[in-house]
Structures are given as structure tokens and as C-alpha cells.
file work-v3.cif (mmCIF, C-alpha atoms)
data_structure
#
loop_
_atom_site.label_atom_id
_atom_site.label_comp_id
_atom_site.auth_asym_id
_atom_site.auth_seq_id
_atom_site.Cartn_x
_atom_site.Cartn_y
_atom_site.Cartn_z
CA LEU K 26 -6.43 1.08 -3.58
CA VAL K 27 -8.55 4.23 -3.83
CA PHE K 28 -11.29 2.65 -1.74
CA MET K 29 -8.82 1.53 0.95
CA ALA K 30 -7.34 5.01 1.19
CA LEU K 31 -10.78 6.58 1.48
CA TRP K 32 -11.94 3.98 3.99
CA HIS K 33 -8.92 4.62 6.19
CA ILE K 34 -9.62 8.35 6.28
CA VAL K 35 -13.41 8.31 6.48
CA VAL K 36 -14.08 5.20 8.62
CA TYR K 37 -11.01 4.13 10.58
CA CYS K 38 -9.60 7.50 11.64
CA PRO K 39 -12.86 8.89 13.09
CA LEU K 40 -13.48 5.66 15.01
CA ALA K 41 -9.92 5.60 16.32
CA HIS K 42 -10.29 9.19 17.52
CA ALA K 43 -13.70 8.56 19.08
CA ASN K 44 -12.49 5.47 20.99
CA TRP K 45 -8.95 6.33 22.02
CA MET K 46 -8.48 10.09 22.23
CA SER K 47 -9.34 11.81 25.48
CA ASP K 48 -11.79 14.10 23.67
CA GLY K 49 -13.45 11.28 21.72
CA PHE K 50 -17.15 10.82 22.45
CA LEU K 51 -16.89 7.03 22.88
CA TYR K 52 -13.88 7.43 25.16
CA LYS K 53 -15.79 9.95 27.25
CA ALA K 54 -18.74 7.56 27.39
CA GLY K 55 -16.45 4.96 28.98
CA VAL K 56 -16.23 2.41 26.14
CA LEU K 57 -13.37 -0.06 26.72
CA ASP K 58 -11.48 -1.01 23.58
CA PHE K 59 -7.93 -1.97 24.43
CA ALA K 60 -6.47 -2.69 20.99
CA GLY K 61 -9.20 -2.24 18.39
CA GLY K 62 -12.16 -4.57 18.85
CA ASN K 63 -14.49 -1.81 17.62
CA VAL K 64 -12.02 0.35 15.76
CA VAL K 65 -10.49 -2.45 13.70
CA HIS K 66 -12.53 -5.64 13.78
CA VAL K 67 -16.17 -4.67 14.16
CA SER K 68 -15.73 -1.88 11.62
CA ALA K 69 -13.76 -3.99 9.14
CA GLY K 70 -16.10 -6.97 9.48
CA CYS K 71 -19.15 -4.80 8.81
CA ALA K 72 -17.33 -3.15 5.92
CA GLY K 73 -16.64 -6.61 4.52
CA LEU K 74 -20.32 -7.50 4.71
CA MET K 75 -21.34 -4.30 2.95
CA SER K 76 -18.66 -4.82 0.30
CA SER K 77 -19.84 -8.34 -0.43
CA LEU K 78 -23.40 -7.08 -0.87
CA VAL K 79 -22.50 -4.14 -3.11
CA ILE K 80 -19.80 -5.76 -5.24
CA GLY K 81 -21.70 -9.03 -5.62
CA LYS K 82 -20.78 -12.67 -5.83
CA ARG K 83 -17.83 -14.30 -7.54
CA ALA K 84 -18.46 -16.16 -10.76
CA GLY K 85 -19.80 -19.59 -9.90
CA PHE K 86 -20.73 -18.79 -6.31
CA GLY K 87 -23.62 -20.99 -5.18
CA SER K 88 -23.26 -23.45 -8.06
CA GLU K 89 -19.65 -24.56 -7.67
CA ILE K 90 -17.52 -25.71 -4.75
CA PHE K 91 -14.71 -23.35 -3.82
CA HIS K 92 -11.94 -25.27 -2.10
CA PRO K 93 -9.24 -23.50 -0.04
CA HIS K 94 -6.46 -22.37 -2.33
CA ASN K 95 -3.49 -23.57 -0.30
CA ILE K 96 -3.84 -24.89 3.26
CA MET K 97 -0.08 -24.81 3.85
CA VAL K 98 0.11 -21.10 3.05
CA SER K 99 -3.00 -20.50 5.18
CA VAL K 100 -1.36 -22.17 8.18
CA LEU K 101 1.80 -20.14 7.62
CA GLY K 102 -0.24 -16.94 7.52
CA ALA K 103 -2.20 -17.88 10.63
CA SER K 104 1.03 -18.65 12.47
CA LEU K 105 2.47 -15.26 11.58
CA LEU K 106 -0.79 -13.62 12.66
CA TRP K 107 -0.78 -15.43 15.99
CA VAL K 108 2.77 -14.36 16.84
CA GLY K 109 2.25 -10.87 15.49
CA TRP K 110 -0.93 -10.47 17.54
CA LEU K 111 1.05 -10.91 20.74
CA ALA K 112 3.01 -7.81 19.82
CA PHE K 113 -0.08 -6.06 18.48
CA ASN K 114 -2.02 -6.41 21.72
CA GLY K 115 1.01 -6.13 24.00
CA GLY K 116 2.24 -3.05 22.20
CA SER K 117 -1.14 -1.34 22.43
CA ASP K 118 -0.46 -0.43 26.04
CA VAL K 119 1.41 2.84 25.64
CA SER K 120 0.93 4.19 29.15
CA ASP K 121 1.33 1.39 31.70
CA MET K 122 3.99 -1.21 30.86
CA SER K 123 2.71 -3.46 33.66
CA GLN K 124 -0.20 -4.43 31.41
CA VAL K 125 2.00 -5.78 28.62
CA ALA K 126 2.55 -9.22 30.16
CA VAL K 127 -1.14 -9.56 31.03
CA SER K 128 -2.32 -8.61 27.56
CA VAL K 129 0.17 -10.93 25.85
CA LEU K 130 -0.77 -13.90 28.05
CA ASN K 131 -4.48 -13.20 27.58
CA THR K 132 -3.94 -13.12 23.81
CA GLN K 133 -2.22 -16.49 23.84
CA VAL K 134 -4.89 -18.14 25.99
CA ALA K 135 -7.82 -16.75 23.98
CA ALA K 136 -6.31 -17.83 20.66
CA ALA K 137 -5.68 -21.36 21.91
CA CYS K 138 -9.18 -21.65 23.38
CA GLY K 139 -10.79 -20.28 20.22
CA SER K 140 -8.90 -22.78 18.11
CA PHE K 141 -9.87 -25.65 20.40
CA SER K 142 -13.55 -24.75 20.69
CA TRP K 143 -13.96 -24.26 16.92
CA MET K 144 -12.34 -27.66 16.35
CA LEU K 145 -14.70 -29.36 18.81
CA THR K 146 -17.71 -27.66 17.25
CA GLU K 147 -16.73 -28.68 13.73
CA TRP K 148 -15.91 -32.20 14.91
CA ALA K 149 -19.30 -32.59 16.56
CA LEU K 150 -21.32 -31.23 13.62
CA LYS K 151 -19.30 -32.38 10.61
CA LYS K 152 -17.85 -35.53 12.17
CA ARG K 153 -14.26 -34.46 11.52
CA PRO K 154 -12.05 -31.48 12.37
CA SER K 155 -10.11 -29.53 9.77
CA VAL K 156 -6.89 -27.55 9.78
CA LEU K 157 -8.69 -24.62 8.17
CA GLY K 158 -11.22 -24.69 11.00
CA ILE K 159 -8.52 -24.82 13.66
CA ILE K 160 -6.73 -21.75 12.34
CA SER K 161 -10.06 -19.97 11.84
CA GLY K 162 -10.86 -20.60 15.49
CA ALA K 163 -7.49 -19.23 16.50
CA LEU K 164 -8.25 -16.06 14.54
CA ALA K 165 -11.65 -15.81 16.21
CA GLY K 166 -9.99 -16.00 19.62
CA LEU K 167 -7.40 -13.40 18.66
CA VAL K 168 -10.08 -11.01 17.46
CA GLY K 169 -12.25 -11.65 20.51
CA ILE K 170 -9.54 -10.83 23.04
CA THR K 171 -8.46 -7.65 21.25
CA PRO K 172 -10.90 -5.26 23.00
CA GLY K 173 -10.26 -6.71 26.45
CA ALA K 174 -6.66 -7.95 26.42
CA GLY K 175 -5.59 -5.40 29.01
CA PHE K 176 -8.81 -5.34 31.03
CA VAL K 177 -9.65 -8.98 31.87
CA ASP K 178 -7.79 -11.75 33.69
CA LEU K 179 -7.02 -15.25 32.41
CA THR K 180 -10.54 -16.41 33.21
CA GLY K 181 -11.89 -13.69 30.96
CA ALA K 182 -9.48 -14.65 28.19
CA PHE K 183 -10.53 -18.29 28.52
CA VAL K 184 -14.23 -17.42 28.35
CA ILE K 185 -13.74 -15.15 25.33
CA GLY K 186 -11.83 -17.83 23.42
CA ILE K 187 -14.25 -20.64 24.26
CA ILE K 188 -17.28 -18.59 23.17
CA THR K 189 -15.90 -16.90 20.06
CA GLY K 190 -14.82 -20.18 18.45
CA PRO K 191 -18.29 -21.76 18.13
CA ALA K 192 -19.99 -18.38 17.65
CA CYS K 193 -17.82 -17.56 14.64
CA PHE K 194 -18.22 -21.10 13.29
CA PHE K 195 -21.96 -20.54 13.11
CA SER K 196 -21.71 -16.94 11.89
CA CYS K 197 -19.56 -18.13 8.98
CA GLN K 198 -22.51 -20.27 7.85
CA LEU K 199 -24.69 -17.19 7.41
CA LYS K 200 -23.26 -16.54 3.94
CA HIS K 201 -24.75 -19.83 2.80
CA ARG K 202 -28.06 -19.19 4.53
CA PHE K 203 -28.48 -15.66 3.14
CA ASN K 204 -26.52 -16.18 -0.10
CA PHE K 205 -23.86 -13.48 0.15
CA ASP K 206 -20.25 -14.06 -0.87
CA ASP K 207 -18.00 -13.40 2.13
CA ALA K 208 -15.02 -15.09 0.49
CA LEU K 209 -12.54 -14.86 3.39
CA ASP K 210 -15.10 -14.66 6.23
CA ALA K 211 -14.16 -11.08 6.99
CA PHE K 212 -17.64 -10.52 8.38
CA GLY K 213 -18.12 -14.05 9.68
CA ILE K 214 -15.13 -13.92 12.00
CA HIS K 215 -14.12 -10.31 12.64
CA ALA K 216 -17.46 -8.64 13.33
CA PRO K 217 -18.99 -11.28 15.67
CA ALA K 218 -15.72 -11.98 17.50
CA GLY K 219 -14.99 -8.29 17.98
CA ALA K 220 -18.51 -7.67 19.27
CA ILE K 221 -18.51 -10.71 21.57
CA GLY K 222 -15.11 -9.78 22.96
CA GLY K 223 -16.29 -6.24 23.63
CA LEU K 224 -19.44 -7.41 25.41
CA ILE K 225 -17.58 -9.95 27.56
CA THR K 226 -15.11 -7.21 28.44
CA GLY K 227 -18.13 -5.28 29.73
CA LEU K 228 -18.89 -8.25 31.97
CA LEU K 229 -15.46 -9.39 33.14
CA ALA K 230 -13.26 -6.27 33.17
CA GLN K 231 -11.43 -5.72 36.46
CA SER K 232 -10.15 -2.41 37.73
CA LYS K 233 -7.10 -4.06 39.28
CA ILE K 234 -5.96 -5.18 35.83
CA GLY K 235 -7.09 -2.48 33.44
CA GLY K 236 -5.36 0.86 33.28
CA GLU K 237 -8.75 2.56 33.01
CA GLY K 238 -9.68 1.36 36.50
CA VAL K 239 -13.11 0.16 35.39
CA ASN K 240 -14.96 -2.95 36.57
CA GLY K 241 -17.35 -4.99 34.47
CA ALA K 242 -20.89 -6.04 35.29
CA PHE K 243 -19.77 -9.18 37.16
CA TYR K 244 -17.64 -7.03 39.45
CA GLY K 245 -20.25 -4.49 40.47
CA ASN K 246 -20.51 -2.16 37.45
CA GLY K 247 -23.60 -3.31 35.59
CA GLU K 248 -23.67 -0.21 33.41
CA GLN K 249 -20.43 -1.17 31.64
CA PHE K 250 -22.10 -3.90 29.56
CA TRP K 251 -24.52 -1.39 28.03
CA ILE K 252 -21.72 1.09 27.44
CA GLN K 253 -19.86 -1.60 25.51
CA LEU K 254 -22.96 -2.40 23.47
CA TYR K 255 -23.34 1.29 22.66
CA GLY K 256 -19.78 1.47 21.34
CA ILE K 257 -20.26 -1.64 19.20
CA VAL K 258 -23.50 -0.38 17.64
CA VAL K 259 -21.99 3.03 16.86
CA SER K 260 -18.88 1.49 15.30
CA ALA K 261 -20.85 -1.01 13.22
CA GLY K 262 -23.38 1.57 12.04
CA TRP K 263 -20.75 4.12 11.06
CA ALA K 264 -18.66 1.54 9.24
CA MET K 265 -21.56 0.10 7.24
CA CYS K 266 -23.07 3.42 6.23
CA MET K 267 -19.81 5.05 5.19
CA THR K 268 -18.57 1.91 3.46
CA PHE K 269 -21.73 1.84 1.34
CA ILE K 270 -21.26 5.49 0.37
CA LEU K 271 -17.59 4.99 -0.51
CA LEU K 272 -18.29 1.86 -2.54
CA LYS K 273 -20.95 3.63 -4.56
CA LEU K 274 -18.63 6.59 -5.08
CA VAL K 275 -15.88 4.39 -6.46
CA GLU K 276 -18.33 2.31 -8.48
CA ASN K 277 -19.77 5.36 -10.22
CA THR K 278 -16.39 6.92 -10.94
CA MET K 279 -13.91 4.10 -11.53
CA GLY K 280 -15.83 0.85 -11.29
CA LEU K 281 -15.50 -1.88 -8.66
CA ARG K 282 -15.29 -5.17 -10.55
CA VAL K 283 -12.80 -6.40 -13.10
CA ALA K 284 -13.88 -7.98 -16.38
CA MET K 285 -15.27 -11.52 -16.11
CA GLU K 286 -12.40 -13.08 -18.04
CA ASP K 287 -9.90 -11.36 -15.74
CA GLU K 288 -11.78 -12.57 -12.67
CA LEU K 289 -11.78 -16.17 -13.88
CA GLN K 290 -8.14 -16.04 -14.85
CA GLY K 291 -7.07 -14.44 -11.58
CA LEU K 292 -5.70 -10.99 -10.91
CA ASP K 293 -2.25 -12.33 -10.06
CA MET K 294 -1.88 -13.46 -13.65
CA VAL K 295 -3.65 -10.46 -15.14
CA CYS K 296 -1.77 -7.80 -13.16
CA HIS K 297 1.56 -9.47 -12.49
CA GLY K 298 1.90 -12.38 -14.89
CA GLU K 299 2.56 -14.82 -12.03
CA THR K 300 0.63 -16.84 -9.49
CA LEU K 301 1.13 -18.62 -6.19
CA ASN K 302 -1.11 -21.42 -7.41
CA PRO K 303 0.77 -24.73 -7.52
CA PHE K 304 -0.77 -25.70 -10.84
CA PRO K 305 1.40 -25.07 -13.93
CA PHE K 306 -0.45 -22.09 -15.38
CA THR K 307 0.86 -20.34 -18.47
CA ASP K 308 0.89 -16.75 -19.60
CA PRO K 309 -2.56 -15.78 -20.96
CA GLU K 310 -1.01 -15.30 -24.40
CA GLY K 311 0.92 -18.58 -24.27
CA ASP K 312 0.01 -22.11 -25.21
CA SER K 313 -2.66 -24.23 -23.62
CA HIS K 314 -1.62 -26.21 -20.53
CA SER K 315 -3.38 -28.56 -18.14
CA ASN K 316 -3.25 -29.04 -14.40
CA TYR K 317 -2.87 -32.42 -12.75
CA PHE K 318 -6.59 -33.15 -13.00
CA GLY K 319 -6.37 -32.93 -16.78
CA GLU K 320 -8.35 -29.71 -17.08
CA GLU K 321 -7.49 -27.24 -19.79
CA LEU K 322 -6.56 -23.89 -18.34
CA PHE K 323 -6.21 -21.74 -21.47
CA SER K 324 -7.79 -22.48 -24.81
CA ASP K 325 -7.35 -20.24 -27.90
CA GLY K 326 -6.26 -17.39 -25.66
CA GLU K 327 -9.45 -17.47 -23.55
CA SER K 328 -9.28 -18.19 -19.84
CA VAL K 329 -11.08 -21.07 -18.16
CA VAL K 330 -11.95 -21.13 -14.45
CA GLN K 331 -8.84 -21.90 -12.40
CA LYS K 332 -8.42 -24.46 -9.61
CA GLY K 333 -10.51 -27.11 -11.30
CA ARG K 334 -13.65 -24.91 -11.35
CA MET K 335 -15.53 -25.24 -14.64
CA SER K 336 -19.05 -24.06 -15.27
CA SER K 337 -21.80 -26.63 -15.66
CA ASP K 338 -22.02 -26.00 -19.42
CA MET K 339 -18.27 -26.51 -19.85
CA ALA K 340 -18.37 -29.68 -17.77
CA ARG K 341 -21.31 -31.02 -19.75
CA HIS K 342 -19.90 -30.39 -23.21
CA SER K 343 -16.19 -30.82 -22.53
CA GLN K 344 -14.54 -33.99 -23.75
CA ASP K 345 -11.31 -33.42 -21.84
CA PRO K 346 -9.98 -36.42 -19.87
CA GLY K 347 -10.18 -34.43 -16.65
CA LYS K 348 -13.97 -34.71 -16.52
CA LYS K 349 -13.91 -38.20 -15.09
CA SER K 350 -10.97 -37.38 -12.83
CA ARG K 351 -12.95 -34.57 -11.26
CA GLU K 352 -15.76 -37.00 -10.51
CA ILE K 353 -13.30 -39.42 -8.94
CA ARG K 354 -11.70 -36.59 -6.98
CA ARG K 355 -15.04 -35.50 -5.55
CA SER K 356 -15.82 -39.10 -4.62
CA VAL K 357 -12.44 -39.44 -2.93
CA GLU K 358 -12.90 -36.19 -1.00
CA ASN K 359 -16.40 -37.17 0.13
CA SER K 360 -15.06 -40.43 1.52
CA ALA K 361 -11.81 -39.00 2.87
CA PRO K 362 -12.09 -40.51 6.38
CA ARG K 363 -12.15 -44.02 4.89
CA ARG K 364 -9.35 -43.62 2.35
CA ASN K 365 -5.73 -42.58 2.26
CA SER K 366 -4.01 -40.23 -0.15
CA LYS K 367 -2.01 -42.99 -1.87
CA ASP K 368 -5.18 -44.90 -2.73
CA SER K 369 -6.77 -41.70 -4.08
CA ILE K 370 -3.80 -40.90 -6.31
CA SER K 371 -3.53 -44.48 -7.52
CA GLU K 372 -7.20 -44.47 -8.51
CA ILE K 373 -6.82 -41.32 -10.56
CA GLU K 374 -3.64 -42.57 -12.21
CA ALA K 375 -5.23 -45.91 -13.02
CA ALA K 376 -8.14 -44.17 -14.70
CA PHE K 377 -6.11 -41.81 -16.85
CA GLY K 378 -2.55 -42.98 -17.00
CA ASP K 379 -0.50 -40.53 -19.05
CA HIS K 380 -3.35 -38.00 -19.18
CA VAL K 381 -2.59 -36.96 -15.60
CA VAL K 382 0.17 -34.34 -15.61
CA GLY K 383 1.84 -34.78 -12.22
CA HIS K 384 -0.01 -35.32 -8.97
CA PRO K 385 -0.13 -33.87 -5.41
CA ALA K 386 2.46 -36.33 -4.15
#
call {"tool": "encode", "arguments": {"input": "work-v3.cif", "output": "C-alpha cells"}}
result
Amino acid sequence: LVFMALWHIVVYCPLAHANWMSDGFLYKAGVLDFAGGNVVHVSAGCAGLMSSLVIGKRAGFGSEIFHPHNIMVSVLGASLLWVGWLAFNGGSDVSDMSQVAVSVLNTQVAAACGSFSWMLTEWALKKRPSVLGIISGALAGLVGITPGAGFVDLTGAFVIGIITGPACFFSCQLKHRFNFDDALDAFGIHAPAGAIGGLITGLLAQSKIGGEGVNGAFYGNGEQFWIQLYGIVVSAGWAMCMTFILLKLVENTMGLRVAMEDELQGLDMVCHGETLNPFPFTDPEGDSHSNYFGEELFSDGESVVQKGRMSSDMARHSQDPGKKSREIRRSVENSAPRRNSKDSISEIEAAFGDHVVGHPA
């Protein structure tokens, strides 16, 4: 909470002033940022990258598979974001109401194209699309159109969505290539999409649409592309440098990470005594319970990794009946295109019978 308050004052507010106020140096330079491509997304994405580097990796990162917590809740959140973004971009036009319809329509088109292009990319490379990928692509399109929603036409919105989907798909793989823990792809989606959207705005902006009356490079104003690049570099550099300083300040005064046992148990349980997780967790001071894969969640008052994540030592030495079920579950997931959910559940139940406490059905 302290870091967020400091970040808002030290990073966001100066960038907002520089980009949107008439006396801001980026505004005077001619940088186009309709609703926060630089101010919000490039800065926040770069701050996320710096935070992941300074704070470090989650327990088990790189050695264990982290599955999405709850796809249904993720889809619900993405749906709310999509609808809310229409108002976010549409409401960012405070001077010329004629731009509202254009910015809202551009937002819708870019989100749909981002979702579609991410799905096609994932389908081509991984041989199957995923719901998580589809909503991630929609977010990439939403972020990408943010800087240019009121400056480009539908062609520009289409181009931004089609490009940001695959671009963010690949940028999200960087955390595996360079071994940093960007848990929610804050950097992988927000920074590249915001930057790409800003650059394409520098190419496809049209004076007849935008209230600033500025054309992009494809409409006779070649300088605008470089102006956009300048604004992106300044925003990214400021955000990363100041985020590093603020993180170190908080780390040396209050600390940044919680205790390992609290991290494994989950801060929802530690701070609030409740969790959204569908598994039947108990209070840390209560009795031991198991989830539907037979894994013990609390033993002698000590927490064990939630969501079926056990360390290699625990998995090797544990005699719990969930060990084999986890192996079956991984096998089922790896062969998902050739199996159905009923067969998967039946296989687990046949192996363990009464040891399985409930199941996803």
C-alpha cells in the first residue's frame, strides 16, 4: 500500500502532467496519448518488470507448474475490463464529444482483433487455443488502442489489434527465456501493447479524426512516429528508474516480501482468513484437510503449497494418496485434446476411490 501511494505520486502524476497538461514537456513536444498508453500502460508495465526483478521469484518458480487459479473468474474479470474500457477510452475525451463514438468503436474493434490474433497465434504454435489466451489477447488489444483511440480510424484500430495480439503472446514468453517472474504478465502485455499502440498511432493518426489535428507518418507527417517513440522512451525510463528507487526505499524501511510460510499459504488466508480458491482450505490453526487431488493442505499447523503445488522433496517423500493422482492429472492434461473430462475424472476415481474428496464435476 505504501509503495502504491508513492508510485502514484512519484511516477504516475508527473507522467500525466507531462503528457496531458498544456505546459507538460511531452505535450508541447506533440506526443499523442489519448487515454494513457504511456501514462498508464507503458509506465505500469515497466514498473511491473522492475518489481519482478527486485522482489524476486515466487517459491517454486522455474521448478513447478503454475496453473491459472480460476479461469471462470478470469473470464469474468476480462469481460468487466472490456466493457469498462469502452467507458475508459470514450470518457477520456473531455473536450470534443464528437470523438466519443469513434474512440468507443475503435476500442471494441481493437479488443476483438487482439483476441482473435492471439488465439490464431497460440493455435498455430501450441496446436490448440485457450480461453486464457483469448482474454489475454483482448487485453492486449485494449491496451494497444488506448493511446490512439481518438486519433485513428477503424483501419488503425484493426491494425493495432491484429499486431498487439501476437506481439504480446511472444513478449509473455520472455519471462521463461530470461527467468523473471512476471506472474500476471503486467510487463508482457501492458508495456509492449502500450508501446506498439503509441507507435502505430504515430503512423496512422488522422487530423480529421483526432482533436489535436495531427496526422501520422502515413498521412504526410513523418516526424510524428519519432515523437511517439520519444514519449515512450521517456515514460519507460522514468517509470523504471523511479520504481527501482521506491522499491529499494520500501525494502530498506519496511520490507517487500512476506514470510515464506505466509507466501505458500496465501495472503488471503493469512490476512483475511478466507480464500476464493475452490478447494476446501481450513484456517491455519485448524485441522488438516485435503483437496480433491488428495493432497494435504495443512499438517501440524504448518502450511503446504496450495493448488496442488508441492516441492520436489515433499513429492518424493510424501506417502499421501494424492501423489499418484497428481501424476494421472498431469497425464490427462498433457493429452487433453484426445480425452474428455468424464474419462479423466473416472480414471482418478478408479485409482483412489474414497481417497478423492470431491471432484471438479
call {"tool": "residues_around", "arguments": {"input": "work-v3.cif", "residues": "stretch 150-165 of chain K", "least_positions_apart": "2", "cutoff": "9 Å", "atoms": "only C-alpha atoms", "output": "MDAnalysis selection string"}}
result
chainID K and resid 93 96 99:100 103:104 106:107 135:148 167:170 186 189:194 214:215 217:219 362
call {"tool": "atom_distance", "arguments": {"input": "work-v3.cif", "atom1": "atom CA of K:Ser88", "atom2": "atom CA of K:His297"}}
result
28.8 Å
call {"tool": "residues_around", "arguments": {"input": "work-v3.cif", "residues": "stretch 246-249 of chain K", "least_positions_apart": "6", "cutoff": "12 Å", "atoms": "only C-alpha atoms", "output": "list in words"}}
result
Ala54, Gly55, Val56, Leu57, Gly223, Leu224, Ile225, Thr226, Gly227, Leu228, Leu229, Ala230, Gln231, Ser232, Gly238, Val239, Asn240, Tyr255 and Gly256 of chain K
call {"tool": "closest_residue", "arguments": {"input": "work-v3.cif", "among": "K:Ala69, K:Ala264, K:Ile234, K:Val184", "to": "K:Asp210", "atoms": "all atoms listed in the file"}}
result
K:Ala69
call {"tool": "residues_near_point", "arguments": {"input": "work-v3.cif", "point": "(-13.6, -4.4, 2.2)", "cutoff": "9 Å", "atoms": "all atoms listed in the file", "output": "list of chain:residue names"}}
result
K:Phe28, K:Met29, K:Trp32, K:Ala69, K:Gly70, K:Cys71, K:Ala72, K:Gly73, K:Leu74, K:Met75, K:Ser76, K:Ser77, K:Ala211, K:Thr268
call {"tool": "atom_distance", "arguments": {"input": "work-v3.cif", "atom1": "atom CA of K:Ala41", "atom2": "atom CA of K:Gly222"}}
result
17.5 Å
call {"tool": "closest_residue", "arguments": {"input": "work-v3.cif", "among": "K:Val134, K:Val129, K:Val64, K:Leu179", "to": "K:Trp263", "atoms": "all atoms listed in the file"}}
result
K:Val64
call {"tool": "atom_distance", "arguments": {"input": "work-v3.cif", "atom1": "atom CA of K:Gly181", "atom2": "atom CA of K:Ala112"}}
result
19.5 Å
call {"tool": "resolve_selection", "arguments": {"input": "work-v3.cif", "expression": "the PyMOL selection byres ((chain K and resi 205) around 7)", "output": "list in words"}}
result
Ser77, Leu78, Lys82, Lys200, His201, Phe203, Asn204, Asp206 and Asp207 of chain K
call {"tool": "closest_residue", "arguments": {"input": "work-v3.cif", "among": "K:Ala84, K:Phe176, K:Leu274, K:Ile187", "to": "K:Asp287", "atoms": "all atoms listed in the file"}}
result
K:Ala84
call {"tool": "closest_residue", "arguments": {"input": "work-v3.cif", "among": "K:Met279, K:Ala30, K:Val177, K:Ile188", "to": "K:Glu237", "atoms": "all atoms listed in the file"}}
result
K:Val177
call {"tool": "residues_around", "arguments": {"input": "work-v3.cif", "residues": "K:Thr132", "least_positions_apart": "4", "cutoff": "8 Å", "atoms": "all atoms listed in the file", "output": "ChimeraX atom specification"}}
result
/K:110-111,114,128,136,166-167,170-171,174,182
call {"tool": "closest_residue", "arguments": {"input": "work-v3.cif", "among": "K:Val127, K:Tyr37, K:Tyr52, K:Leu31", "to": "K:Ile252", "atoms": "only C-alpha atoms"}}
result
K:Tyr52
call {"tool": "closest_residue", "arguments": {"input": "work-v3.cif", "among": "K:Asn95, K:Val65, K:Gly175, K:Ser196", "to": "K:Ser123", "atoms": "all atoms listed in the file"}}
result
K:Gly175
call {"tool": "axis_aligned_box", "arguments": {"input": "work-v3.cif", "around": "stretch 225-238 of chain K", "padding_each_side": "4 Å", "output": "JSON"}}
result
{"center_x": -12.1, "center_y": -3.7, "center_z": 33.4, "size_x": 21.5, "size_y": 20.5, "size_z": 19.7}
call {"tool": "build_atoms", "arguments": {"input": "work-v3.cif", "residues": "stretch 149-155 of chain K", "atoms": "all heavy atoms", "output": "short mmCIF file (atom, residue, chain, number, x, y, z; two decimals), keeping the file's coordinate frame"}}
result
data_model
loop_
_atom_site.label_atom_id
_atom_site.label_comp_id
_atom_site.auth_asym_id
_atom_site.auth_seq_id
_atom_site.Cartn_x
_atom_site.Cartn_y
_atom_site.Cartn_z
N ALA K 149 -18.00 -32.10 16.13
CA ALA K 149 -19.30 -32.59 16.56
C ALA K 149 -20.34 -32.51 15.43
O ALA K 149 -21.17 -33.42 15.28
CB ALA K 149 -19.78 -31.78 17.76
N LEU K 150 -20.29 -31.45 14.64
CA LEU K 150 -21.32 -31.23 13.62
C LEU K 150 -20.98 -31.86 12.28
O LEU K 150 -21.87 -32.33 11.56
CB LEU K 150 -21.56 -29.74 13.44
CG LEU K 150 -22.11 -29.00 14.68
CD1 LEU K 150 -22.26 -27.52 14.39
CD2 LEU K 150 -23.44 -29.60 15.10
N LYS K 151 -19.70 -31.86 11.92
CA LYS K 151 -19.30 -32.38 10.61
C LYS K 151 -18.57 -33.72 10.70
O LYS K 151 -18.12 -34.25 9.69
CB LYS K 151 -18.41 -31.36 9.89
CG LYS K 151 -19.13 -30.06 9.55
CD LYS K 151 -18.26 -29.17 8.68
CE LYS K 151 -19.04 -27.93 8.23
NZ LYS K 151 -18.22 -27.07 7.34
N LYS K 152 -18.44 -34.21 11.91
CA LYS K 152 -17.85 -35.53 12.17
C LYS K 152 -16.35 -35.60 11.92
O LYS K 152 -15.78 -36.69 11.97
CB LYS K 152 -18.56 -36.62 11.32
CG LYS K 152 -20.07 -36.62 11.46
CD LYS K 152 -20.51 -36.71 12.90
CE LYS K 152 -22.04 -36.69 13.01
NZ LYS K 152 -22.49 -36.64 14.42
N ARG K 153 -15.72 -34.49 11.64
CA ARG K 153 -14.26 -34.46 11.52
C ARG K 153 -13.77 -33.02 11.64
O ARG K 153 -14.42 -32.10 11.16
CB ARG K 153 -13.81 -35.06 10.19
CG ARG K 153 -14.37 -34.37 8.97
CD ARG K 153 -13.92 -35.08 7.70
NE ARG K 153 -14.48 -34.45 6.52
CZ ARG K 153 -14.32 -34.93 5.29
NH1 ARG K 153 -13.60 -36.01 5.09
NH2 ARG K 153 -14.87 -34.33 4.25
N PRO K 154 -12.63 -32.82 12.29
CA PRO K 154 -12.05 -31.48 12.37
C PRO K 154 -11.25 -31.17 11.11
O PRO K 154 -10.93 -32.07 10.33
CB PRO K 154 -11.14 -31.57 13.59
CG PRO K 154 -10.69 -32.99 13.59
CD PRO K 154 -11.85 -33.81 13.04
N SER K 155 -10.92 -29.92 10.93
CA SER K 155 -10.11 -29.53 9.77
C SER K 155 -9.05 -28.52 10.21
O SER K 155 -9.24 -27.78 11.18
CB SER K 155 -10.99 -28.91 8.67
OG SER K 155 -11.50 -27.65 9.07
#
